[in-house]
>>> print(open('protein-v4.pdb').read())   # PDB, C-alpha atoms, pLDDT in the B column
ATOM      1  CA  MET D 845       9.103  12.958   0.920  1.00 83.00           C
ATOM      2  CA  HIS D 846       9.579   9.431  -0.380  1.00 82.00           C
ATOM      3  CA  PRO D 847      11.997   6.594   0.384  1.00 84.00           C
ATOM      4  CA  ALA D 848      15.100   6.540  -1.786  1.00 87.00           C
ATOM      5  CA  ALA D 849      15.488   3.498  -4.055  1.00 85.00           C
ATOM      6  CA  HIS D 850      19.110   2.971  -3.090  1.00 73.00           C
ATOM      7  CA  SER D 851      18.388   2.765   0.613  1.00 58.00           C
ATOM      8  CA  ASP D 852      20.159  -0.372   1.871  1.00 61.00           C
ATOM      9  CA  GLU D 853      20.559   1.061   5.340  1.00 60.00           C
ATOM     10  CA  GLU D 854      18.647  -0.101   8.401  1.00 69.00           C
ATOM     11  CA  GLU D 855      16.828   3.223   8.503  1.00 76.00           C
ATOM     12  CA  PRO D 856      15.468   4.270   5.092  1.00 75.00           C
ATOM     13  CA  SER D 857      16.607   7.572   3.670  1.00 88.00           C
ATOM     14  CA  TYR D 858      14.010   9.928   2.277  1.00 91.00           C
ATOM     15  CA  ILE D 859      14.201  12.425  -0.546  1.00 91.00           C
ATOM     16  CA  LEU D 860      12.023  15.220  -1.849  1.00 94.00           C
ATOM     17  CA  ARG D 861       9.998  14.460  -4.963  1.00 93.00           C
ATOM     18  CA  ASP D 862      11.850  17.106  -6.972  1.00 96.00           C
ATOM     19  CA  ALA D 863      15.159  15.393  -6.130  1.00 95.00           C
ATOM     20  CA  MET D 864      14.039  11.895  -7.185  1.00 94.00           C
ATOM     21  CA  THR D 865      15.802   9.990  -9.945  1.00 94.00           C
ATOM     22  CA  ALA D 866      14.027   7.691 -12.408  1.00 96.00           C
ATOM     23  CA  LYS D 867      15.162   4.763 -10.235  1.00 94.00           C
ATOM     24  CA  ASP D 868      13.591   6.382  -7.136  1.00 94.00           C
ATOM     25  CA  VAL D 869      10.303   6.986  -8.958  1.00 95.00           C
ATOM     26  CA  SER D 870      10.184   3.435 -10.304  1.00 95.00           C
ATOM     27  CA  PHE D 871      10.938   2.016  -6.848  1.00 93.00           C
ATOM     28  CA  ASN D 872       8.178   4.081  -5.223  1.00 94.00           C
ATOM     29  CA  VAL D 873       5.572   3.413  -7.915  1.00 96.00           C
ATOM     30  CA  ARG D 874       6.127  -0.351  -7.553  1.00 95.00           C
ATOM     31  CA  ARG D 875       6.052  -0.105  -3.760  1.00 93.00           C
ATOM     32  CA  LEU D 876       2.827   1.942  -3.676  1.00 95.00           C
ATOM     33  CA  ARG D 877       1.043  -0.287  -6.197  1.00 97.00           C
ATOM     34  CA  ARG D 878       2.072  -3.425  -4.299  1.00 96.00           C
ATOM     35  CA  GLU D 879       0.793  -1.927  -1.020  1.00 96.00           C
ATOM     36  CA  GLY D 880      -2.483  -0.915  -2.692  1.00 96.00           C
ATOM     37  CA  LYS D 881      -3.000  -4.385  -4.149  1.00 96.00           C
ATOM     38  CA  THR D 882      -2.315  -5.960  -0.761  1.00 96.00           C
ATOM     39  CA  LYS D 883      -4.785  -3.673   1.007  1.00 95.00           C
ATOM     40  CA  LEU D 884      -7.513  -4.340  -1.587  1.00 94.00           C
ATOM     41  CA  GLY D 885      -7.026  -8.069  -1.065  1.00 95.00           C
ATOM     42  CA  ARG D 886      -7.346  -7.650   2.691  1.00 95.00           C
ATOM     43  CA  ALA D 887     -10.505  -5.577   2.263  1.00 91.00           C
ATOM     44  CA  ASP D 888     -12.028  -8.264   0.008  1.00 90.00           C
ATOM     45  CA  ALA D 889     -11.144 -10.959   2.551  1.00 93.00           C
ATOM     46  CA  LEU D 890     -12.706  -8.969   5.390  1.00 92.00           C
ATOM     47  CA  GLU D 891     -15.919  -8.469   3.385  1.00 88.00           C
ATOM     48  CA  ALA D 892     -16.072 -12.164   2.522  1.00 90.00           C
ATOM     49  CA  TRP D 893     -15.545 -13.096   6.169  1.00 91.00           C
ATOM     50  CA  TRP D 894     -18.402 -10.803   7.215  1.00 89.00           C
ATOM     51  CA  GLU D 895     -20.781 -12.186   4.596  1.00 88.00           C
ATOM     52  CA  THR D 896     -19.939 -15.790   5.530  1.00 91.00           C
ATOM     53  CA  LYS D 897     -20.332 -15.069   9.243  1.00 91.00           C
ATOM     54  CA  ASN D 898     -23.642 -13.256   8.766  1.00 89.00           C
ATOM     55  CA  GLY D 899     -25.412 -15.385   6.171  1.00 87.00           C
ATOM     56  CA  ASN D 900     -24.538 -13.310   3.092  1.00 79.00           C
ATOM     57  CA  GLU D 901     -25.543 -10.031   4.775  1.00 82.00           C
ATOM     58  CA  THR D 902     -23.604  -7.463   2.749  1.00 83.00           C
ATOM     59  CA  VAL D 903     -21.500  -4.723   4.228  1.00 80.00           C
ATOM     60  CA  PRO D 904     -22.750  -1.189   3.547  1.00 80.00           C
ATOM     61  CA  PRO D 905     -20.517   0.647   1.045  1.00 76.00           C
ATOM     62  CA  ALA D 906     -17.566   2.356   2.686  1.00 71.00           C
ATOM     63  CA  ALA D 907     -17.414   6.120   2.671  1.00 52.00           C
ATOM     64  CA  ALA D 908     -15.216   7.402  -0.135  1.00 47.00           C
TER      65      ALA D 908
END
>>> encode(input="protein-v4.pdb", output="structure tokens")
Amino acid sequence: MHPAAHSDEEEPSYILRDAMTAKDVSFNVRRLRREGKTKLGRADALEAWWETKNGNETVPPAAA
């Protein structure tokens, strides 16, 4: 289930993927991409903090 695009209520309403409109899909694609971009930025900042704190000691690659 995904949030509905037209949810102006305090509590978001959710709909099944098969019931989504083009507006719902567009809303969710933008939302998910924005969240992903934000999380990647936070991961980069955390890595940079670690390397600065530990004299450029790199962080082992994260498990996929």
>>> residues_around(input="protein-v4.pdb", residues="stretch 885-892 of chain D", least_positions_apart="4", cutoff="7 Å", atoms="only C-alpha atoms", output="count of residues only")
3
>>> resolve_selection(input="protein-v4.pdb", expression="the PyMOL selection byres ((chain D and resi 859) around 8)", output="PyMOL selection string")
chain D and resi 845-848+857-858+860-861+863-864
>>> atom_distance(input="protein-v4.pdb", atom1="atom CA of D:Pro905", atom2="atom CA of D:Gly880")
18.5 Å
>>> atom_distance(input="protein-v4.pdb", atom1="atom CA of D:Ala849", atom2="atom CA of D:Arg874")
10.7 Å
>>> atom_distance(input="protein-v4.pdb", atom1="atom CA of D:Asn872", atom2="atom CA of D:His850")
11.2 Å
>>> axis_aligned_box(input="protein-v4.pdb", around="stretch 858-864 of chain D", padding_each_side="4 Å", output="lines of an AutoDock Vina configuration file")
center_x = 12.6
center_y = 13.5
center_z = -2.5
size_x = 13.2
size_y = 15.2
size_z = 17.5
>>> build_atoms(input="protein-v4.pdb", residues="stretch 848-872 of chain D", atoms="N, CA, C and O atoms", output="compact mmCIF listing (two decimals), in the frame of the given file")
# COMPACT_ATOMS: atom_id res chain seq x y z
N ALA D 848 14.16 6.62 -0.67
CA ALA D 848 15.10 6.54 -1.79
C ALA D 848 15.23 5.08 -2.22
O ALA D 848 15.20 4.17 -1.40
N ALA D 849 15.37 4.85 -3.51
CA ALA D 849 15.49 3.50 -4.06
C ALA D 849 16.76 2.81 -3.60
O ALA D 849 16.79 1.61 -3.41
N HIS D 850 17.81 3.54 -3.41
CA HIS D 850 19.11 2.97 -3.09
C HIS D 850 19.34 2.83 -1.59
O HIS D 850 20.45 2.69 -1.14
N SER D 851 18.28 2.82 -0.84
CA SER D 851 18.39 2.76 0.61
C SER D 851 18.59 1.33 1.09
O SER D 851 17.67 0.56 1.22
N ASP D 852 19.84 0.95 1.34
CA ASP D 852 20.16 -0.37 1.87
C ASP D 852 20.44 -0.30 3.37
O ASP D 852 20.80 -1.30 3.98
N GLU D 853 20.27 0.86 3.93
CA GLU D 853 20.56 1.06 5.34
C GLU D 853 19.42 0.51 6.19
O GLU D 853 18.34 0.23 5.70
N GLU D 854 19.68 0.36 7.49
CA GLU D 854 18.65 -0.10 8.40
C GLU D 854 17.49 0.90 8.43
O GLU D 854 16.33 0.53 8.37
N GLU D 855 17.83 2.16 8.54
CA GLU D 855 16.83 3.22 8.50
C GLU D 855 16.75 3.75 7.07
O GLU D 855 17.77 4.13 6.50
N PRO D 856 15.56 3.78 6.47
CA PRO D 856 15.47 4.27 5.09
C PRO D 856 15.80 5.76 5.01
O PRO D 856 15.55 6.50 5.95
N SER D 857 16.37 6.15 3.90
CA SER D 857 16.61 7.57 3.67
C SER D 857 15.47 8.09 2.79
O SER D 857 14.92 7.36 1.97
N TYR D 858 15.12 9.32 3.00
CA TYR D 858 14.01 9.93 2.28
C TYR D 858 14.50 11.11 1.46
O TYR D 858 15.46 11.78 1.84
N ILE D 859 13.82 11.31 0.33
CA ILE D 859 14.20 12.42 -0.55
C ILE D 859 12.95 13.16 -0.98
O ILE D 859 11.85 12.59 -1.02
N LEU D 860 13.13 14.42 -1.33
CA LEU D 860 12.02 15.22 -1.85
C LEU D 860 11.68 14.75 -3.26
O LEU D 860 12.55 14.29 -4.00
N ARG D 861 10.43 14.90 -3.64
CA ARG D 861 10.00 14.46 -4.96
C ARG D 861 10.81 15.12 -6.06
O ARG D 861 11.21 14.47 -7.03
N ASP D 862 11.09 16.40 -5.93
CA ASP D 862 11.85 17.11 -6.97
C ASP D 862 13.29 16.61 -7.10
O ASP D 862 13.94 16.86 -8.11
N ALA D 863 13.79 15.90 -6.09
CA ALA D 863 15.16 15.39 -6.13
C ALA D 863 15.22 13.92 -6.55
O ALA D 863 16.30 13.34 -6.60
N MET D 864 14.08 13.32 -6.85
CA MET D 864 14.04 11.90 -7.18
C MET D 864 14.64 11.63 -8.56
O MET D 864 14.49 12.42 -9.48
N THR D 865 15.30 10.47 -8.66
CA THR D 865 15.80 9.99 -9.94
C THR D 865 14.74 9.06 -10.55
O THR D 865 13.77 8.70 -9.87
N ALA D 866 14.96 8.64 -11.78
CA ALA D 866 14.03 7.69 -12.41
C ALA D 866 13.97 6.39 -11.60
O ALA D 866 12.90 5.78 -11.44
N LYS D 867 15.11 5.97 -11.06
CA LYS D 867 15.16 4.76 -10.24
C LYS D 867 14.32 4.93 -8.96
O LYS D 867 13.60 4.01 -8.56
N ASP D 868 14.39 6.10 -8.33
CA ASP D 868 13.59 6.38 -7.14
C ASP D 868 12.10 6.35 -7.46
O ASP D 868 11.30 5.78 -6.70
N VAL D 869 11.72 6.96 -8.57
CA VAL D 869 10.30 6.99 -8.96
C VAL D 869 9.81 5.57 -9.24
O VAL D 869 8.76 5.16 -8.74
N SER D 870 10.57 4.80 -9.99
CA SER D 870 10.18 3.44 -10.30
C SER D 870 10.03 2.61 -9.03
O SER D 870 9.05 1.88 -8.86
N PHE D 871 10.98 2.72 -8.12
CA PHE D 871 10.94 2.02 -6.85
C PHE D 871 9.66 2.36 -6.08
O PHE D 871 8.96 1.48 -5.57
N ASN D 872 9.34 3.65 -5.99
CA ASN D 872 8.18 4.08 -5.22
C ASN D 872 6.86 3.73 -5.89
O ASN D 872 5.90 3.36 -5.22
